[in-house]
>>> print(open('data27.txt').read())   # compact mmCIF, C-alpha atoms
# COMPACT_ATOMS: atom_id res chain seq x y z
CA LYS A 19 22.04 -14.45 37.59
CA PHE A 20 19.85 -17.41 36.74
CA ASN A 21 18.10 -18.70 39.83
CA MET A 22 18.25 -22.51 39.70
CA ALA A 23 15.53 -22.73 42.33
CA ALA A 24 13.08 -20.78 40.18
CA PRO A 25 10.58 -22.89 38.21
CA CYS A 26 11.11 -23.04 34.43
CA LYS A 27 8.39 -21.17 32.57
CA ASP A 28 7.64 -24.04 30.18
CA PHE A 29 8.15 -26.90 32.60
CA PRO A 30 6.92 -25.81 36.04
CA ASN A 31 8.31 -28.90 37.79
CA GLU A 32 11.45 -29.38 35.72
CA LYS A 33 13.92 -27.24 37.66
CA VAL A 34 12.41 -28.17 40.97
CA ALA A 35 13.14 -31.81 40.22
CA SER A 36 16.75 -31.00 39.26
CA VAL A 37 17.26 -29.10 42.53
CA GLU A 38 15.97 -32.07 44.49
CA THR A 39 18.42 -34.34 42.66
CA THR A 40 21.32 -32.01 43.48
CA HIS A 41 20.42 -32.02 47.15
CA ARG A 42 20.29 -35.82 47.20
CA LYS A 43 23.76 -36.00 45.65
CA THR A 44 25.36 -33.39 47.93
CA GLY A 45 23.58 -34.56 51.03
CA LYS A 46 22.58 -31.02 51.94
CA SER A 47 19.19 -30.41 53.42
CA LYS A 48 16.72 -28.63 51.19
CA SER A 49 15.15 -25.44 52.46
CA VAL A 50 11.38 -25.77 52.50
CA PRO A 51 9.08 -22.73 52.63
CA LYS A 52 7.36 -22.29 55.97
CA GLY A 53 4.03 -24.00 56.12
CA HIS A 54 4.74 -26.02 52.98
CA ILE A 55 3.42 -29.58 53.08
CA LYS A 56 4.55 -31.94 50.35
CA LYS A 57 1.68 -34.02 49.12
CA LYS A 58 2.31 -37.52 47.89
CA LYS A 59 0.41 -38.54 44.79
CA LYS A 60 -1.80 -41.52 45.50
CA PRO A 61 -1.30 -44.26 42.92
CA CYS A 62 -4.38 -45.47 41.09
CA PRO A 63 -5.62 -48.87 42.25
CA VAL A 64 -4.55 -51.66 39.87
CA THR A 65 -8.18 -52.68 39.42
CA GLU A 66 -9.09 -49.20 38.10
CA VAL A 67 -6.24 -49.27 35.59
CA ARG A 68 -7.34 -52.71 34.39
CA VAL A 69 -10.92 -51.52 33.97
CA ASP A 70 -9.75 -48.56 31.87
CA ARG A 71 -7.67 -50.82 29.65
CA SER A 72 -10.56 -53.28 29.33
CA VAL A 73 -12.99 -50.55 28.20
CA ILE A 74 -10.51 -49.18 25.66
CA SER A 75 -9.67 -52.64 24.33
CA LYS A 76 -13.30 -53.71 23.93
CA LEU A 77 -14.25 -50.48 22.16
CA HIS A 78 -11.31 -50.88 19.80
CA VAL A 79 -12.43 -54.41 18.94
CA LEU A 80 -16.04 -53.33 18.37
CA ASN A 81 -15.01 -50.38 16.17
CA LYS A 82 -12.74 -52.62 14.12
CA GLU A 83 -15.50 -55.19 13.66
CA LEU A 84 -17.96 -52.45 12.73
CA GLU A 85 -15.67 -51.15 9.97
CA ALA A 86 -15.12 -54.71 8.69
CA VAL A 87 -18.87 -55.36 8.47
CA ARG A 88 -19.45 -52.11 6.60
CA ARG A 89 -16.80 -53.12 4.04
CA ASP A 90 -18.00 -56.72 3.64
CA GLN A 91 -19.62 -56.90 0.21
CA SER A 92 -20.47 -60.59 0.62
CA LEU A 93 -23.28 -59.72 3.05
CA SER A 94 -26.71 -58.76 1.83
CA GLN A 95 -27.78 -55.19 2.54
CA GLY A 96 -30.30 -56.33 5.15
CA THR A 97 -27.83 -58.62 6.94
CA ARG A 98 -25.12 -55.96 6.89
CA GLN A 99 -27.43 -53.29 8.31
CA ALA A 100 -28.70 -55.62 11.03
CA ARG A 101 -25.15 -56.44 12.08
CA VAL A 102 -24.15 -52.75 11.99
CA ASN A 103 -27.12 -51.88 14.22
CA GLN A 104 -26.17 -54.65 16.63
CA LEU A 105 -22.55 -53.50 16.92
CA GLU A 106 -23.52 -49.84 17.28
CA ALA A 107 -25.92 -50.82 20.07
CA GLN A 108 -23.10 -52.65 21.88
CA ILE A 109 -20.82 -49.63 21.54
CA GLN A 110 -23.50 -47.30 22.90
CA LYS A 111 -24.24 -49.68 25.75
CA MET A 112 -20.59 -49.42 26.82
CA GLY A 113 -20.84 -45.63 26.71
CA GLY A 114 -19.48 -45.03 23.20
CA LEU A 115 -16.87 -42.37 22.58
CA ASP A 116 -17.58 -40.73 25.95
CA ALA A 117 -16.57 -43.93 27.76
CA TYR A 118 -13.45 -44.29 25.62
CA GLN A 119 -12.35 -40.72 26.33
CA ALA A 120 -13.08 -41.00 30.04
CA ALA A 121 -11.03 -44.20 30.27
CA SER A 122 -8.19 -42.65 28.25
CA LYS A 123 -8.13 -39.52 30.42
CA HIS A 124 -8.19 -41.53 33.64
CA GLY A 125 -5.49 -43.85 32.30
CA ALA A 126 -3.27 -40.86 31.47
CA CYS A 127 -3.60 -39.62 35.04
CA CYS A 128 -2.61 -43.04 36.37
CA HIS A 129 0.54 -43.20 34.27
CA GLY A 130 2.10 -40.10 35.80
CA ASN A 131 3.84 -37.38 33.80
CA THR A 132 4.87 -39.42 30.74
CA THR A 133 2.27 -37.69 28.61
CA THR A 134 2.36 -36.83 24.93
CA SER A 135 2.36 -33.07 25.53
CA ASN A 136 5.40 -33.28 27.81
CA TRP A 137 7.30 -35.36 25.28
CA VAL A 138 6.33 -33.09 22.37
CA VAL A 139 7.47 -29.95 24.18
CA LYS A 140 10.69 -31.65 25.25
CA GLN A 141 11.52 -32.67 21.66
CA LEU A 142 10.72 -29.23 20.27
CA LYS A 143 13.13 -27.72 22.77
CA MET A 144 15.78 -30.37 22.15
CA PHE A 145 15.76 -29.76 18.39
CA LYS A 146 15.48 -25.99 18.92
CA VAL A 147 12.22 -25.64 17.03
CA LYS A 148 11.32 -22.01 17.63
CA PRO A 149 8.95 -19.37 16.21
CA ASP A 150 10.32 -17.40 13.25
CA GLY A 151 10.33 -14.03 14.98
CA VAL A 152 10.05 -12.25 18.30
CA GLY A 153 6.49 -12.21 19.61
CA GLN A 154 5.38 -15.01 17.29
CA ARG A 155 4.24 -18.48 18.30
CA LEU A 156 4.44 -21.94 16.77
CA ARG A 157 1.04 -23.02 15.47
CA LEU A 158 0.20 -26.49 16.75
CA LEU A 159 -2.72 -28.75 15.80
CA ASP A 160 -3.58 -31.39 18.42
CA VAL A 161 -5.85 -34.05 16.88
CA GLY A 162 -8.10 -36.16 19.11
CA ALA A 163 -7.37 -33.96 22.12
CA LEU A 164 -8.98 -34.65 25.50
CA ASP A 165 -8.00 -31.12 26.53
CA ASN A 166 -5.76 -28.28 25.41
CA HIS A 167 -2.59 -29.48 27.12
CA TYR A 168 -0.38 -26.85 25.45
CA HIS A 169 -2.15 -23.68 26.60
CA LYS A 170 0.37 -23.10 29.42
CA HIS A 171 3.21 -22.66 26.91
CA SER A 172 3.22 -19.05 25.74
CA TRP A 173 5.33 -19.84 22.66
CA LEU A 174 2.74 -22.33 21.33
CA ASP A 175 -0.56 -21.41 19.66
CA CYS A 176 -2.53 -24.64 19.99
CA THR A 177 -5.71 -25.61 18.16
CA ALA A 178 -7.16 -28.73 19.80
CA ILE A 179 -9.80 -30.72 17.89
CA ASP A 180 -11.83 -33.84 18.56
CA LEU A 181 -14.97 -35.60 17.32
CA ASN A 182 -16.51 -35.40 20.77
CA PRO A 183 -14.99 -32.54 22.83
CA GLN A 184 -14.92 -32.97 26.60
CA THR A 185 -14.14 -29.30 27.27
CA ASP A 186 -14.76 -25.93 25.62
CA ARG A 187 -11.01 -25.63 25.03
CA VAL A 188 -11.36 -28.29 22.31
CA ILE A 189 -13.06 -27.63 18.95
CA ARG A 190 -15.53 -30.16 17.54
CA ALA A 191 -14.09 -31.28 14.20
CA ASP A 192 -13.38 -34.40 12.13
CA PHE A 193 -9.72 -34.57 11.11
CA PHE A 194 -10.62 -36.14 7.77
CA ASP A 195 -12.71 -33.05 6.94
CA TYR A 196 -10.39 -30.53 8.57
CA LYS A 197 -9.09 -28.15 5.89
CA VAL A 198 -6.51 -25.41 6.06
CA GLU A 199 -5.83 -22.76 3.44
CA GLU A 200 -2.58 -22.86 1.51
CA GLY A 201 0.03 -20.96 3.48
CA SER A 202 -1.84 -21.50 6.75
CA GLU A 203 -0.56 -24.98 7.48
CA TYR A 204 0.57 -25.80 11.02
CA ASP A 205 4.14 -25.79 12.27
CA VAL A 206 3.42 -28.81 14.44
CA VAL A 207 0.75 -31.53 14.15
CA VAL A 208 0.14 -34.08 16.92
CA LEU A 209 -1.80 -37.33 16.52
CA SER A 210 -1.75 -39.07 19.89
CA LEU A 211 -3.57 -42.43 20.10
CA VAL A 212 -5.79 -41.40 17.19
CA ILE A 213 -4.72 -43.60 14.27
CA ASN A 214 -5.25 -46.79 16.27
CA PHE A 215 -8.84 -45.74 17.09
CA VAL A 216 -9.75 -45.81 13.38
CA GLY A 217 -10.98 -49.32 12.55
CA ASP A 218 -10.28 -49.36 8.81
CA PRO A 219 -6.59 -49.88 7.81
CA LYS A 220 -7.16 -47.87 4.61
CA LYS A 221 -8.59 -44.94 6.56
CA ARG A 222 -5.53 -45.05 8.81
CA GLY A 223 -3.46 -44.59 5.67
CA ASP A 224 -5.74 -41.74 4.58
CA MET A 225 -5.16 -40.11 7.95
CA LEU A 226 -1.39 -40.22 7.43
CA ARG A 227 -1.82 -38.82 3.94
CA HIS A 228 -4.01 -35.98 5.22
CA CYS A 229 -1.14 -34.91 7.48
CA CYS A 230 0.54 -33.60 4.32
CA GLN A 231 -2.34 -31.17 3.87
CA VAL A 232 -2.18 -29.67 7.35
CA THR A 233 1.58 -29.70 8.08
CA LYS A 234 3.70 -26.92 6.58
CA GLU A 235 6.95 -27.51 4.72
CA ASN A 236 9.72 -27.96 7.30
CA GLY A 237 7.02 -28.58 9.89
CA TYR A 238 6.89 -31.40 12.42
CA LEU A 239 4.56 -34.34 12.88
CA PHE A 240 4.23 -36.25 16.16
CA ILE A 241 2.48 -39.63 16.22
CA VAL A 242 1.83 -41.75 19.30
CA LEU A 243 0.61 -45.35 19.05
CA PRO A 244 0.18 -48.18 21.54
CA LEU A 245 3.51 -49.99 21.53
CA PRO A 246 2.04 -53.39 20.45
CA CYS A 247 0.82 -51.74 17.20
CA LEU A 248 4.45 -51.57 16.10
CA SER A 249 6.31 -54.10 18.25
CA ASN A 250 3.91 -57.04 18.04
CA SER A 251 1.80 -56.53 14.91
CA ARG A 252 1.62 -59.23 12.28
CA TYR A 253 1.58 -56.57 9.55
CA LEU A 254 3.48 -53.54 10.87
CA THR A 255 6.92 -52.80 12.34
CA HIS A 256 8.70 -49.63 13.47
CA GLN A 257 10.77 -49.69 10.29
CA LEU A 258 7.80 -50.11 7.94
CA PHE A 259 5.88 -47.34 9.73
CA CYS A 260 8.81 -44.94 9.27
CA GLU A 261 9.07 -45.96 5.60
CA MET A 262 5.40 -45.08 5.14
CA LEU A 263 5.95 -41.62 6.59
CA ASP A 264 9.13 -41.18 4.56
CA SER A 265 7.15 -41.83 1.36
CA LEU A 266 4.92 -38.91 2.36
CA GLY A 267 7.90 -36.61 2.88
CA PHE A 268 8.19 -37.02 6.66
CA GLN A 269 11.64 -38.10 7.82
CA LYS A 270 12.16 -39.65 11.24
CA GLN A 271 13.64 -37.19 13.70
CA SER A 272 13.23 -38.94 17.03
CA CYS A 273 11.55 -42.02 18.52
CA HIS A 274 10.95 -43.25 22.04
CA ASP A 275 9.23 -46.35 23.40
CA SER A 276 7.77 -46.43 26.90
CA LYS A 277 6.32 -49.54 28.49
CA ARG A 278 3.03 -49.13 26.65
CA LEU A 279 3.41 -46.40 24.04
CA SER A 280 5.56 -45.60 21.03
CA PHE A 281 6.37 -41.90 20.45
CA CYS A 282 7.58 -40.74 17.02
CA MET A 283 8.67 -37.32 15.75
CA PHE A 284 8.94 -36.62 12.02
CA HIS A 285 10.25 -33.63 10.08
CA ARG A 286 8.58 -32.72 6.82
CA SER A 287 11.71 -32.09 4.81
CA GLY A 288 11.49 -34.43 1.84
CA LYS A 289 9.47 -34.86 -1.32
CA ARG A 290 6.58 -37.30 -1.54
CA LYS A 291 7.34 -40.58 -3.27
CA SER A 292 4.92 -42.66 -5.30
CA LYS A 293 4.96 -45.84 -3.26
CA CYS A 294 2.26 -48.23 -2.07
CA PHE A 295 2.21 -50.18 1.17
CA PRO A 296 -0.26 -53.10 0.96
CA LYS A 297 -1.14 -55.36 3.85
CA GLN A 298 1.33 -58.22 4.10
CA VAL A 299 2.54 -60.57 6.81
CA LEU A 300 5.84 -59.52 8.37
CA ARG A 301 5.76 -61.57 11.56
CA LYS A 302 4.61 -65.16 11.65
CA GLY A 303 3.19 -66.90 14.68
CA PRO A 304 -0.03 -67.15 16.68
CA HIS A 305 0.65 -64.48 19.29
CA HIS A 306 0.74 -61.33 17.15
CA ASN A 307 -2.05 -58.76 16.79
CA ASN A 308 -3.61 -57.73 13.47
CA PHE A 309 -3.08 -53.98 13.55
CA SER A 310 -2.21 -52.67 10.09
CA ILE A 311 -2.05 -49.53 7.96
CA ILE A 312 -2.64 -49.60 4.22
CA LEU A 313 -1.18 -46.70 2.31
>>> encode(input="data27.txt", output="structure tokens")
Amino acid sequence: KFNMAAPCKDFPNEKVASVETTHRKTGKSKSVPKGHIKKKKKPCPVTEVRVDRSVISKLHVLNKELEAVRRDQSLSQGTRQARVNQLEAQIQKMGGLDAYQAASKHGACCHGNTTTSNWVVKQLKMFKVKPDGVGQRLRLLDVGALDNHYHKHSWLDCTAIDLNPQTDRVIRADFFDYKVEEGSEYDVVVLSLVINFVGDPKKRGDMLRHCCQVTKENGYLFIVLPLPCLSNSRYLTHQLFCEMLDSLGFQKQSCHDSKRLSFCMFHRSGKRKSKCFPKQVLRKGPHHNNFSIIL
């Protein structure tokens, strides 16, 4: 018989939580192993969370400005290079990519268990995405990974890549240059808070397009963006974003918005369509951000 008190292999805390809920409903006391002491997780101080958000926000702004200066053909070569040097110096003074990753990792810890990896695994199970045969594993590519968060799942074979790895479980690689041989594409590709880090709207579109090269037919693509990128952008909405992916052959499978993030799951089941998505105003007003993707 299935033991409801036994932890689930893929979600160690999942069944434990359900047992606790059952006990609360029935009013029965829960048996606790002798000597067990339940530790309460200390919440992160609000000031620390605000500092993390401030670092991430400032680095995003500097990266965006840096890309804009590099593209500005109206500047002389000397002026452009001087401005590039100035912005790069500011980024390095803040700690550069190391500071961004540290703030992101600390922020993820502060926001509890609503992490990308948990949501991805939950959706794969919900839609019964399984390996083809017994003893095989789904091949997963995690782009911009702070760590290999999927290694505990025996049915997933995860390759985690990042420009600046923080652990030896992550491979140093640039997604734009990451190539896979035909027939060796991944079953699952995850881009969590990666597209928004790219400062150039055209390069963001190139990143979406490159997903076609690394995701196998009938594979799955997961994209996570800060919620304001879709809910409060002057140039981008949830609907337009899904239309962009649909033109690349990725059809929306599932979406979920938390307080700060937007999670999207796409299934590569359609043919690519020849369609362009230029930058155009969709929301008018002074209080919208300028995040955009040009495809």
>>> closest_residue(input="data27.txt", among="A:Gly267, A:Pro296, A:Pro244, A:Gly153", to="Phe281 (chain A)", atoms="only C-alpha atoms")
A:Pro244
>>> atom_distance(input="data27.txt", atom1="CA of Lys270 (chain A)", atom2="CA of Met283 (chain A)")
6.2 Å
>>> residues_around(input="data27.txt", residues="Phe259 (chain A)", least_positions_apart="4", cutoff="10 Å", atoms="all atoms listed in the file", output="ChimeraX atom specification")
/A:248,254-255,263-264,282,295,310-311
>>> atom_distance(input="data27.txt", atom1="CA of Leu142 (chain A)", atom2="CA of Glu200 (chain A)")
23.9 Å
>>> atom_distance(input="data27.txt", atom1="CA of Thr233 (chain A)", atom2="CA of Ser202 (chain A)")
9.0 Å
>>> residues_near_point(input="data27.txt", point="(-4.2, -39.5, 5.6)", cutoff="12 Å", atoms="all atoms listed in the file", output="PyMOL selection string")
chain A and resi 193-196+209+212-213+216+219-233+262-263+266+311-313
